[in-house]
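K.L.:
This is entry.cif, which holds mmCIF, C-alpha atoms:
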```
data_final
#
loop_
_atom_site.label_atom_id
_atom_site.label_comp_id
_atom_site.auth_asym_id
_atom_site.auth_seq_id
_atom_site.Cartn_x
_atom_site.Cartn_y
_atom_site.Cartn_z
CA MET W 191 -8.14 -2.33 17.34
CA LYS W 192 -8.07 -2.43 13.55
CA ARG W 193 -8.18 -5.63 11.54
CA THR W 194 -5.55 -5.60 8.86
CA MET W 195 -6.65 -5.97 5.29
CA PRO W 196 -4.62 -5.96 2.08
CA HIS W 197 -4.98 -3.38 -0.63
CA LEU W 198 -8.04 -4.89 -2.30
CA ASP W 199 -9.30 -3.11 -5.38
CA PRO W 200 -12.40 -4.74 -6.91
CA THR W 201 -12.51 -2.27 -9.81
CA GLU W 202 -8.83 -2.57 -10.75
CA LYS W 203 -8.98 -6.28 -9.90
CA GLN W 204 -5.89 -6.43 -7.77
CA ILE W 205 -5.02 -7.60 -4.27
CA VAL W 206 -1.74 -6.45 -2.81
CA PHE W 207 -0.29 -7.78 0.45
CA LYS W 208 2.52 -5.93 2.19
CA ILE W 209 5.27 -7.94 3.90
CA VAL W 210 7.81 -6.06 6.01
CA TYR W 211 11.20 -7.48 7.00
CA PHE W 212 11.82 -6.07 10.47
CA GLY W 213 14.75 -6.55 12.85
CA PRO W 214 17.82 -4.97 14.42
CA GLY W 215 20.55 -3.27 12.38
CA MET W 216 22.77 -5.54 10.27
CA SER W 217 20.66 -8.65 11.00
CA GLY W 218 20.28 -9.47 7.29
CA LYS W 219 16.96 -7.95 6.21
CA THR W 220 18.29 -6.52 2.94
CA THR W 221 20.28 -9.72 2.32
CA ASN W 222 17.00 -11.67 2.54
CA LEU W 223 15.36 -9.40 -0.02
CA LEU W 224 18.34 -9.41 -2.37
CA TYR W 225 18.40 -13.20 -2.36
CA ILE W 226 14.66 -13.47 -3.03
CA HIS W 227 15.00 -10.97 -5.86
CA LYS W 228 17.93 -12.90 -7.36
CA THR W 229 16.11 -16.23 -7.05
CA LEU W 230 12.68 -15.41 -8.43
CA THR W 231 12.01 -15.88 -12.12
CA GLU W 232 12.00 -12.63 -14.08
CA ARG W 233 8.28 -12.62 -14.89
CA TYR W 234 7.26 -12.64 -11.24
CA LYS W 235 9.34 -9.72 -9.97
CA GLY W 236 9.69 -5.97 -10.43
CA ASP W 237 12.80 -3.84 -10.01
CA MET W 238 14.33 -3.63 -6.57
CA LEU W 239 14.77 -0.28 -4.87
CA VAL W 240 17.57 -0.01 -2.32
CA LEU W 241 17.71 3.23 -0.36
CA ASP W 242 20.87 2.88 1.69
CA THR W 243 23.71 4.94 3.11
CA GLU W 244 27.36 4.72 2.08
CA LYS W 245 27.84 2.25 4.92
CA GLU W 246 25.45 -0.27 3.33
CA ARG W 247 22.84 0.43 5.94
CA THR W 248 19.25 0.85 4.89
CA LEU W 249 18.34 4.52 5.17
CA PHE W 250 14.63 4.44 4.42
CA PHE W 251 13.58 1.09 2.98
CA ASP W 252 14.25 -1.54 0.34
CA PHE W 253 11.36 -2.60 -1.82
CA PHE W 254 10.31 -4.82 -4.64
CA PRO W 255 6.98 -6.14 -5.92
CA VAL W 256 6.18 -9.79 -6.66
CA SER W 257 3.27 -10.70 -8.94
CA LEU W 258 2.16 -14.27 -8.41
CA GLY W 259 -0.49 -14.38 -11.09
CA THR W 260 -4.25 -14.24 -11.30
CA VAL W 261 -6.57 -15.79 -8.73
CA GLN W 262 -10.30 -15.63 -9.37
CA GLY W 263 -9.75 -12.78 -11.82
CA TYR W 264 -7.68 -10.77 -9.34
CA SER W 265 -4.02 -10.00 -9.83
CA LEU W 266 -2.30 -11.27 -6.67
CA LYS W 267 0.77 -9.34 -5.55
CA PHE W 268 3.13 -9.19 -2.61
CA HIS W 269 5.08 -6.02 -1.91
CA LEU W 270 8.23 -6.75 0.08
CA TYR W 271 9.81 -4.04 2.24
CA THR W 272 12.65 -3.80 4.72
CA ILE W 273 13.02 -1.24 7.49
CA PRO W 274 16.17 0.54 8.63
CA GLY W 275 17.39 -1.35 11.71
CA GLN W 276 19.31 1.36 13.49
CA ILE W 277 17.61 2.55 16.64
CA TYR W 278 17.65 6.22 15.56
CA TYR W 279 15.47 5.56 12.50
CA GLU W 280 12.38 5.00 14.63
CA ALA W 281 10.17 7.37 12.59
CA SER W 282 11.04 5.62 9.32
CA ARG W 283 10.24 2.21 10.81
CA ARG W 284 6.83 3.35 11.96
CA ILE W 285 6.04 4.73 8.50
CA ILE W 286 7.01 1.54 6.68
CA LEU W 287 5.06 -0.69 9.02
CA GLU W 288 1.86 1.20 8.18
CA GLY W 289 -0.49 -0.98 6.15
CA ALA W 290 1.64 -4.11 6.66
CA ASP W 291 -0.16 -7.45 6.36
CA GLY W 292 2.64 -9.46 7.90
CA VAL W 293 6.17 -9.22 9.27
CA VAL W 294 9.29 -11.34 9.04
CA PHE W 295 11.31 -10.55 12.14
CA VAL W 296 14.93 -11.13 11.13
CA ALA W 297 16.84 -11.84 14.35
CA ASP W 298 20.62 -11.86 14.52
CA SER W 299 21.73 -15.21 15.98
CA GLN W 300 25.10 -13.94 17.20
CA ALA W 301 25.22 -14.67 20.91
CA ASP W 302 25.86 -11.08 21.98
CA ARG W 303 22.83 -9.68 20.11
CA LEU W 304 19.99 -11.05 22.21
CA ASP W 305 19.19 -7.65 23.73
CA ASP W 306 19.23 -5.93 20.31
CA ASN W 307 16.76 -8.52 19.03
CA THR W 308 14.37 -8.28 21.95
CA GLU W 309 14.54 -4.48 22.06
CA MET W 310 13.69 -4.26 18.37
CA TYR W 311 10.87 -6.78 18.72
CA ARG W 312 9.33 -4.68 21.49
CA LEU W 313 9.66 -1.58 19.30
CA MET W 314 7.85 -3.45 16.53
CA ILE W 315 4.97 -4.25 18.87
CA ASP W 316 4.81 -0.57 19.87
CA ASN W 317 4.78 0.43 16.20
CA LEU W 318 1.94 -1.99 15.42
CA LEU W 319 -0.06 -0.70 18.36
CA SER W 320 0.52 2.90 17.20
CA HIS W 321 -1.17 1.93 13.91
CA GLY W 322 -4.09 0.43 15.83
CA ILE W 323 -3.09 -3.16 14.98
CA ASP W 324 -3.57 -5.93 17.52
CA PRO W 325 -0.21 -7.76 17.53
CA SER W 326 -1.75 -10.97 18.92
CA GLY W 327 -3.59 -11.83 15.70
CA PHE W 328 -1.00 -10.36 13.36
CA PRO W 329 1.11 -12.69 11.14
CA VAL W 330 4.76 -12.70 12.24
CA VAL W 331 7.48 -15.22 11.40
CA LEU W 332 10.60 -15.19 13.55
CA GLN W 333 13.69 -15.91 11.48
CA TYR W 334 16.87 -16.80 13.36
CA ASN W 335 19.41 -15.59 10.81
CA LYS W 336 23.20 -16.08 10.77
CA ARG W 337 23.00 -19.69 11.98
CA ASP W 338 26.57 -20.17 10.76
CA HIS W 339 27.90 -17.99 13.60
CA ASN W 340 29.49 -19.35 16.74
CA PRO W 341 28.69 -18.83 19.49
CA ARG W 342 25.06 -18.39 18.52
CA LEU W 343 21.76 -17.94 20.29
CA ARG W 344 19.92 -21.12 21.16
CA LEU W 345 16.62 -21.56 19.38
CA GLY W 346 13.74 -20.53 21.60
CA VAL W 347 15.67 -17.99 23.65
CA ILE W 348 14.07 -14.95 21.96
CA GLU W 349 10.57 -16.35 22.33
CA ARG W 350 11.23 -17.13 26.00
CA GLU W 351 12.64 -13.67 26.66
CA LEU W 352 9.60 -12.01 25.03
CA GLY W 353 6.96 -14.46 26.25
CA LEU W 354 5.97 -15.42 22.69
CA GLU W 355 3.96 -18.57 22.25
CA GLY W 356 3.25 -20.41 19.02
CA ILE W 357 5.14 -18.03 16.76
CA PRO W 358 6.39 -19.73 13.55
CA VAL W 359 10.19 -19.92 13.56
CA THR W 360 12.73 -20.47 10.79
CA GLU W 361 16.51 -20.71 10.70
CA SER W 362 18.57 -19.09 7.98
CA ILE W 363 21.94 -18.13 6.62
CA ALA W 364 20.76 -15.37 4.31
CA THR W 365 24.24 -14.72 2.89
CA GLN W 366 24.09 -18.26 1.45
CA GLY W 367 20.39 -18.03 0.65
CA ARG W 368 19.57 -20.82 3.06
CA GLY W 369 16.23 -20.61 4.84
CA VAL W 370 15.28 -17.46 2.94
CA MET W 371 12.64 -18.90 0.60
CA ARG W 372 11.29 -21.11 3.38
CA THR W 373 10.71 -17.98 5.49
CA LEU W 374 9.03 -16.14 2.62
CA GLN W 375 6.82 -19.12 1.94
CA LEU W 376 5.84 -19.35 5.59
CA ILE W 377 4.92 -15.67 6.05
CA SER W 378 3.01 -15.57 2.74
CA LYS W 379 0.96 -18.58 3.81
CA GLU W 380 0.32 -17.14 7.26
CA ILE W 381 -1.02 -13.99 5.59
CA ILE W 382 -3.18 -15.84 3.05
CA ARG W 383 -4.67 -18.14 5.68
CA ARG W 384 -5.83 -15.09 7.65
CA PHE W 385 -7.17 -13.28 4.58
CA GLN W 386 -10.71 -11.99 5.03
CA ILE W 387 -12.83 -9.32 3.35
CA TYR W 388 -14.29 -6.79 5.79
CA MET R 200 -20.79 11.87 -10.89
CA GLN R 201 -20.22 8.85 -8.67
CA LEU R 202 -20.47 5.57 -10.43
CA PRO R 203 -20.41 2.14 -8.87
CA GLY R 204 -18.01 -0.67 -9.79
CA LYS R 205 -16.27 -0.44 -13.13
CA GLY R 206 -17.67 3.02 -13.84
CA ASN R 207 -15.51 4.28 -11.01
CA THR R 208 -12.37 3.25 -12.80
CA GLU R 209 -13.39 5.11 -15.94
CA ALA R 210 -14.49 8.18 -14.01
CA ILE R 211 -11.15 8.36 -12.17
CA LYS R 212 -9.18 7.87 -15.36
CA ASP R 213 -11.23 10.55 -17.14
CA LEU R 214 -10.54 13.04 -14.37
CA LEU R 215 -6.81 12.31 -14.41
CA SER R 216 -6.74 12.52 -18.22
CA SER R 217 -8.49 15.87 -18.19
CA LEU R 218 -5.95 17.17 -15.67
CA VAL R 219 -3.06 15.98 -17.85
CA ARG R 220 -4.61 17.62 -20.93
CA ARG R 221 -5.48 20.94 -19.34
CA SER R 222 -2.25 21.42 -17.47
CA GLU R 223 -0.09 19.93 -20.27
CA ALA R 224 1.43 17.57 -17.73
CA VAL R 225 3.34 14.40 -18.64
CA THR R 226 1.39 12.07 -16.42
CA ALA R 227 -0.90 11.87 -13.41
CA LEU R 228 -1.14 8.97 -11.00
CA LEU R 229 -3.44 8.09 -8.15
CA ILE R 230 -1.64 6.30 -5.34
CA SER R 231 -2.92 4.71 -2.14
CA ARG R 232 -1.33 5.47 1.20
CA GLU R 233 -0.02 1.89 1.27
CA GLY R 234 2.03 2.68 -1.84
CA VAL R 235 -0.09 1.03 -4.54
CA CYS R 236 -0.77 2.74 -7.87
CA VAL R 237 -4.56 2.74 -8.34
CA SER R 238 -4.92 4.63 -11.61
CA LYS R 239 -2.81 6.56 -14.10
CA ALA R 240 -3.20 8.76 -17.16
CA GLY R 241 -0.97 10.46 -19.71
CA SER R 242 2.38 9.17 -20.83
CA THR R 243 3.23 6.43 -18.35
CA GLU R 244 5.28 3.96 -20.43
CA SER R 245 8.67 5.26 -19.34
CA LEU R 246 7.74 5.42 -15.66
CA ASN R 247 8.06 2.56 -13.19
CA SER R 248 4.75 3.40 -11.53
CA THR R 249 5.00 0.56 -8.96
CA ALA R 250 8.31 1.84 -7.60
CA LEU R 251 7.16 5.45 -7.87
CA ALA R 252 4.04 4.65 -5.82
CA ALA R 253 6.05 2.96 -3.05
CA LEU R 254 8.49 5.85 -2.88
CA VAL R 255 5.89 8.61 -2.99
CA ALA R 256 3.83 6.94 -0.25
CA GLY R 257 6.96 6.69 1.91
CA MET R 258 7.88 10.27 1.14
CA PHE R 259 4.43 11.53 2.01
CA ALA R 260 4.36 9.59 5.27
CA ALA R 261 7.79 11.01 6.13
CA THR R 262 6.49 14.49 5.42
CA ARG R 263 3.59 13.85 7.79
CA GLU R 264 6.11 13.10 10.53
CA VAL R 265 7.99 16.30 9.67
CA ALA R 266 4.70 18.20 9.84
CA ASN R 267 4.03 16.80 13.30
CA ILE R 268 7.48 17.87 14.48
CA VAL R 269 6.81 21.47 13.46
CA GLY R 270 3.31 21.43 14.93
CA GLU R 271 1.26 20.75 11.78
CA GLU R 272 -1.01 17.77 11.35
CA GLN R 273 -0.19 17.29 7.69
CA PHE R 274 1.28 19.11 4.70
CA SER R 275 -1.32 18.64 2.01
CA ILE R 276 0.91 19.45 -0.96
CA LEU R 277 4.47 18.43 -1.83
CA LEU R 278 6.41 19.94 -4.70
CA GLN R 279 9.65 18.53 -6.11
CA GLN R 280 11.48 20.78 -8.57
CA GLY R 281 13.96 19.20 -10.97
CA GLU R 282 15.95 20.33 -14.01
CA LYS R 283 13.55 19.05 -16.66
CA ARG R 284 10.73 17.44 -14.74
CA HIS R 285 8.84 18.36 -11.62
CA ILE R 286 6.39 16.57 -9.37
CA HIS R 287 3.31 17.96 -7.66
CA ILE R 288 1.82 15.66 -5.01
CA SER R 289 -1.42 16.39 -3.23
CA LEU R 290 -3.25 14.50 -0.53
CA LEU R 291 -6.75 13.22 -1.39
CA GLY R 292 -8.77 12.51 1.73
CA GLN R 293 -7.02 10.33 4.28
CA ARG R 294 -5.95 7.43 2.10
CA TYR R 295 -4.87 8.59 -1.35
CA MET R 296 -2.42 10.87 -3.12
CA MET R 297 -2.37 12.36 -6.59
CA VAL R 298 0.99 12.68 -8.32
CA VAL R 299 1.37 14.98 -11.32
CA VAL R 300 4.61 14.89 -13.32
CA PHE R 301 5.11 17.96 -15.52
CA GLU R 302 7.90 19.57 -17.53
CA ASP R 303 7.29 23.31 -17.91
CA TYR R 304 7.72 24.78 -14.44
CA ARG R 305 5.89 27.95 -15.52
CA ARG R 306 2.75 25.81 -15.56
CA ILE R 307 2.93 25.10 -11.84
CA GLY R 308 -0.03 27.44 -11.21
CA ARG R 309 -2.13 25.58 -13.75
CA VAL R 310 -1.13 22.18 -12.34
CA ARG R 311 -2.03 23.29 -8.85
CA HIS R 312 -5.34 24.75 -10.01
CA GLU R 313 -6.35 21.61 -11.95
CA ALA R 314 -5.29 19.31 -9.14
CA ARG R 315 -7.31 21.32 -6.67
CA SER R 316 -10.38 21.46 -8.91
CA ILE R 317 -10.66 17.70 -9.53
CA GLY R 318 -9.71 16.82 -5.93
CA PRO R 319 -13.19 16.86 -4.35
CA GLU R 320 -14.72 14.76 -7.14
CA LEU R 321 -11.93 12.19 -6.90
CA VAL R 322 -12.33 12.03 -3.13
CA GLY R 323 -16.08 11.48 -3.58
CA ILE R 324 -15.52 8.59 -5.99
CA LEU R 325 -12.84 7.03 -3.80
CA GLU R 326 -14.98 7.26 -0.70
CA SER R 327 -17.93 5.67 -2.47
CA ARG R 328 -15.60 2.90 -3.65
CA GLU R 329 -14.48 2.26 -0.09
CA LYS R 330 -18.12 1.98 1.00
CA THR R 331 -19.03 -0.52 -1.70
CA LYS R 332 -15.76 -2.46 -1.57
CA LYS R 333 -17.25 -5.42 0.26
CA GLU R 334 -20.18 -5.76 -2.17
CA ASP R 335 -17.93 -5.12 -5.19
CA SER R 336 -15.61 -7.93 -4.13
CA GLU R 337 -18.38 -10.47 -3.72
CA ASP R 338 -17.03 -12.23 -6.78
CA ILE R 339 -14.21 -13.52 -4.57
CA SER R 340 -14.84 -16.78 -2.77
CA VAL R 341 -12.44 -16.48 0.15
CA PRO R 342 -11.88 -20.23 0.75
CA GLU R 343 -11.16 -20.82 -2.94
CA PHE R 344 -9.00 -17.72 -3.14
CA ARG R 345 -6.93 -19.01 -0.23
CA GLU R 346 -6.54 -22.43 -1.80
CA TYR R 347 -5.39 -21.08 -5.19
CA ALA R 348 -3.11 -18.50 -3.57
CA LEU R 349 -1.44 -21.12 -1.35
CA ASN R 350 -0.90 -23.21 -4.42
CA LEU R 351 0.79 -20.34 -6.26
CA ILE R 352 3.00 -19.66 -3.24
CA ASP R 353 4.17 -23.28 -3.21
CA ARG R 354 4.89 -23.12 -6.91
CA ILE R 355 6.66 -19.76 -7.05
CA PHE R 356 8.41 -19.42 -3.67
CA VAL R 357 10.24 -22.69 -4.17
CA VAL R 358 11.99 -24.24 -1.19
CA GLY R 359 14.75 -26.59 -2.33
CA GLU R 360 16.77 -29.11 -0.33
CA GLU R 361 19.70 -26.71 -0.28
CA ASP R 362 17.43 -24.25 1.54
CA ASP R 363 17.80 -26.04 4.86
CA ALA R 364 19.68 -23.98 7.44
CA SER R 365 18.74 -25.88 10.58
CA SER R 366 21.58 -25.74 13.05
CA GLY R 367 20.73 -28.99 14.79
CA PRO R 368 20.92 -29.44 18.53
CA ASP R 369 22.86 -26.70 20.32
#
```
Step by step, read the file and then write its structure as C-alpha cells.
P.N.:
Amino acid sequence: MKRTMPHLDPTEKQIVFKIVYFGPGMSGKTTNLLYIHKTLTERYKGDMLVLDTEKERTLFFDFFPVSLGTVQGYSLKFHLYTIPGQIYYEASRRIILEGADGVVFVADSQADRLDDNTEMYRLMIDNLLSHGIDPSGFPVVLQYNKRDHNPRLRLGVIERELGLEGIPVTESIATQGRGVMRTLQLISKEIIRRFQIY
Amino acid sequence: MQLPGKGNTEAIKDLLSSLVRRSEAVTALLISREGVCVSKAGSTESLNSTALAALVAGMFAATREVANIVGEEQFSILLQQGEKRHIHISLLGQRYMMVVVFEDYRRIGRVRHEARSIGPELVGILESREKTKKEDSEDISVPEFREYALNLIDRIFVVGEEDDASSGPD
C-alpha cells in the first residue's frame, strides 16, 4: 500500500495538499465549497471552477486553490475539489480521488438517504484501494450535512452501519454556512498532523 | 544536463523557453499529474495557470480512462483545436504533462517536434528531482512545519460562534 504524500516541490518551494469533498449526489459538496470560497479573504483564494450540468449537478469536479502563506520558506497550499455524486460518474470520481491527501465525506442527513450514504462511502473505500491507498490511515472527516432536515439520521448511524471507529465527525447546514469552516479546519489539521516526508 | 536542486528549476525553464521560442508558441507549462503547475515559460500573465493545471490533469486522467475502454493503456498526446488558440498536451513519464498553447495551427508539426525533442531531457530532470526530493527538502523541520501550519489553519479557516450546527440530542 502507498503512503500518501502532498505535492512537495523543494525546488519551487511549494507544498500542495489535495482535499476532496466526497459523498452522494445532492448532499451539499458544492455548497460547502461555495461557502468556503465566499467566506475566505480575497488574498487567500483563487478563482473557483464549477463544472456542472444544467441541473446544477457536478459533472466533473469543482475546484479552487487556497494559499495559506509561507511556512519555513515553502508556500503552503490546499487544493479543494468536489466529486460528482451520481452513481454513474464512477470513473470521474476515481480520477479526482487520485493524489488526494484527505477527504471530507459529506453525508446527507435526510432519514431516507442512509443507504445512499453508506453505498457511496463503500465506493470511496474501493476508489482509495484502487489507487493503492490504505484507507485505515487515511484522513477522512465525516460531515453530517443538512442537520436542519426532519426526520434526520441520528448521529453515529453511518459509522455503525459501516463499522467505522474513531472517525472525526461534524454536523453542518451548508446552505447556511454552519459547520462548514469547522469541517475544513478539522480535515486540514488531520492532514497536517499526518504530514511526513518520504 | 541534470542539475540538482535549484539548477533543476532553471534547466526546466530553459527547456520550456526554448520550445516556446522555436515553435513560436504562446506559452508552455509543466504540470504534475495531481494538477499542480510546476514550471511555465512564455507569455503566462493572462492565463490562470492554477486552474488550467487542475483542468488539464483531470482531462488527461479522463483520457486515460477512455484509452482503457478502447483497449489502450494511455494516449500520450492530446490536441485541442480552437478558433484562435490551440493546446498540445503530451505525457512526460508517469507523473507529468507538458502543455503548449499556440496560435498558428500551421505550426502544429513544429510544436509536436519540439515537444518530442525536449521530452526525454525533461523526464530525466524530473526523475532525478524525484530521487533527490527527500534530501532537497531537508530544510523542512516536520514538527515545526506542522506547528506553523496548524497555526495558519486556525487563523485563516476561522470558526465563529455562528458556525455551530449541532442538532442536539435526537
K.L.:
If I put a ball of radius 12 Å at (-0.5, -7.3, 20.2) in the file's coordinates, which residues poke into it when counting all atoms listed in the file, written as a PyMOL selection string?
P.N.:
chain W and resi 191-193+311-330+353-354
K.L.:
Given the file shown, determine the residues that the PyMOL selection byres ((chain R and resi 290) around 12) selects; report them as an MDAnalysis selection string.
P.N.:
chainID R and resid 229:232 255:256 259:260 262:263 273:278 287:289 291:299 314:315 318:319 321:322
K.L.:
Given the choices R:Gln280, R:Ser316, R:Gly308, R:Val237, which gets closest to R:Ala253 if the distance is worked out from only C-alpha atoms?
P.N.:
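The closest residue to R:Ala253 is R:Val237.
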K.L.:
Residues of chain R no more than 7 Å from chain W, counting only C-alpha atoms: send them over as a PyMOL selection string.
P.N.:
chain R and resi 204-205+208+233+257+260-261+332-333+335-336+339+341+344-345+347-349+351-352+356-358+361-366+369
K.L.:
Have a look at atom CA of R:Thr249 and atom CA of R:Gly234 and let me know their distance in Å, one decimal.
P.N.:
8.0 Å
K.L.:
Can you list, as a ChimeraX atom specification, the residues that the PyMOL selection byres ((chain R and resi 284) around 7) selects here?
P.N.:
/R:281-283,285-286,300-302
K.L.:
Quick one, how far is atom CA of W:Met195 from atom CA of R:Lys239?
P.N.:
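Spanning atom CA of W:Met195 to atom CA of R:Lys239 is a straight-line distance of 23.4 Å.
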K.L.:
Restricting the calculation to only C-alpha atoms, which member of W:Ile209, W:Leu304, W:Met216, W:Leu270 is positioned closest to W:Thr365?
P.N.:
W:Met216
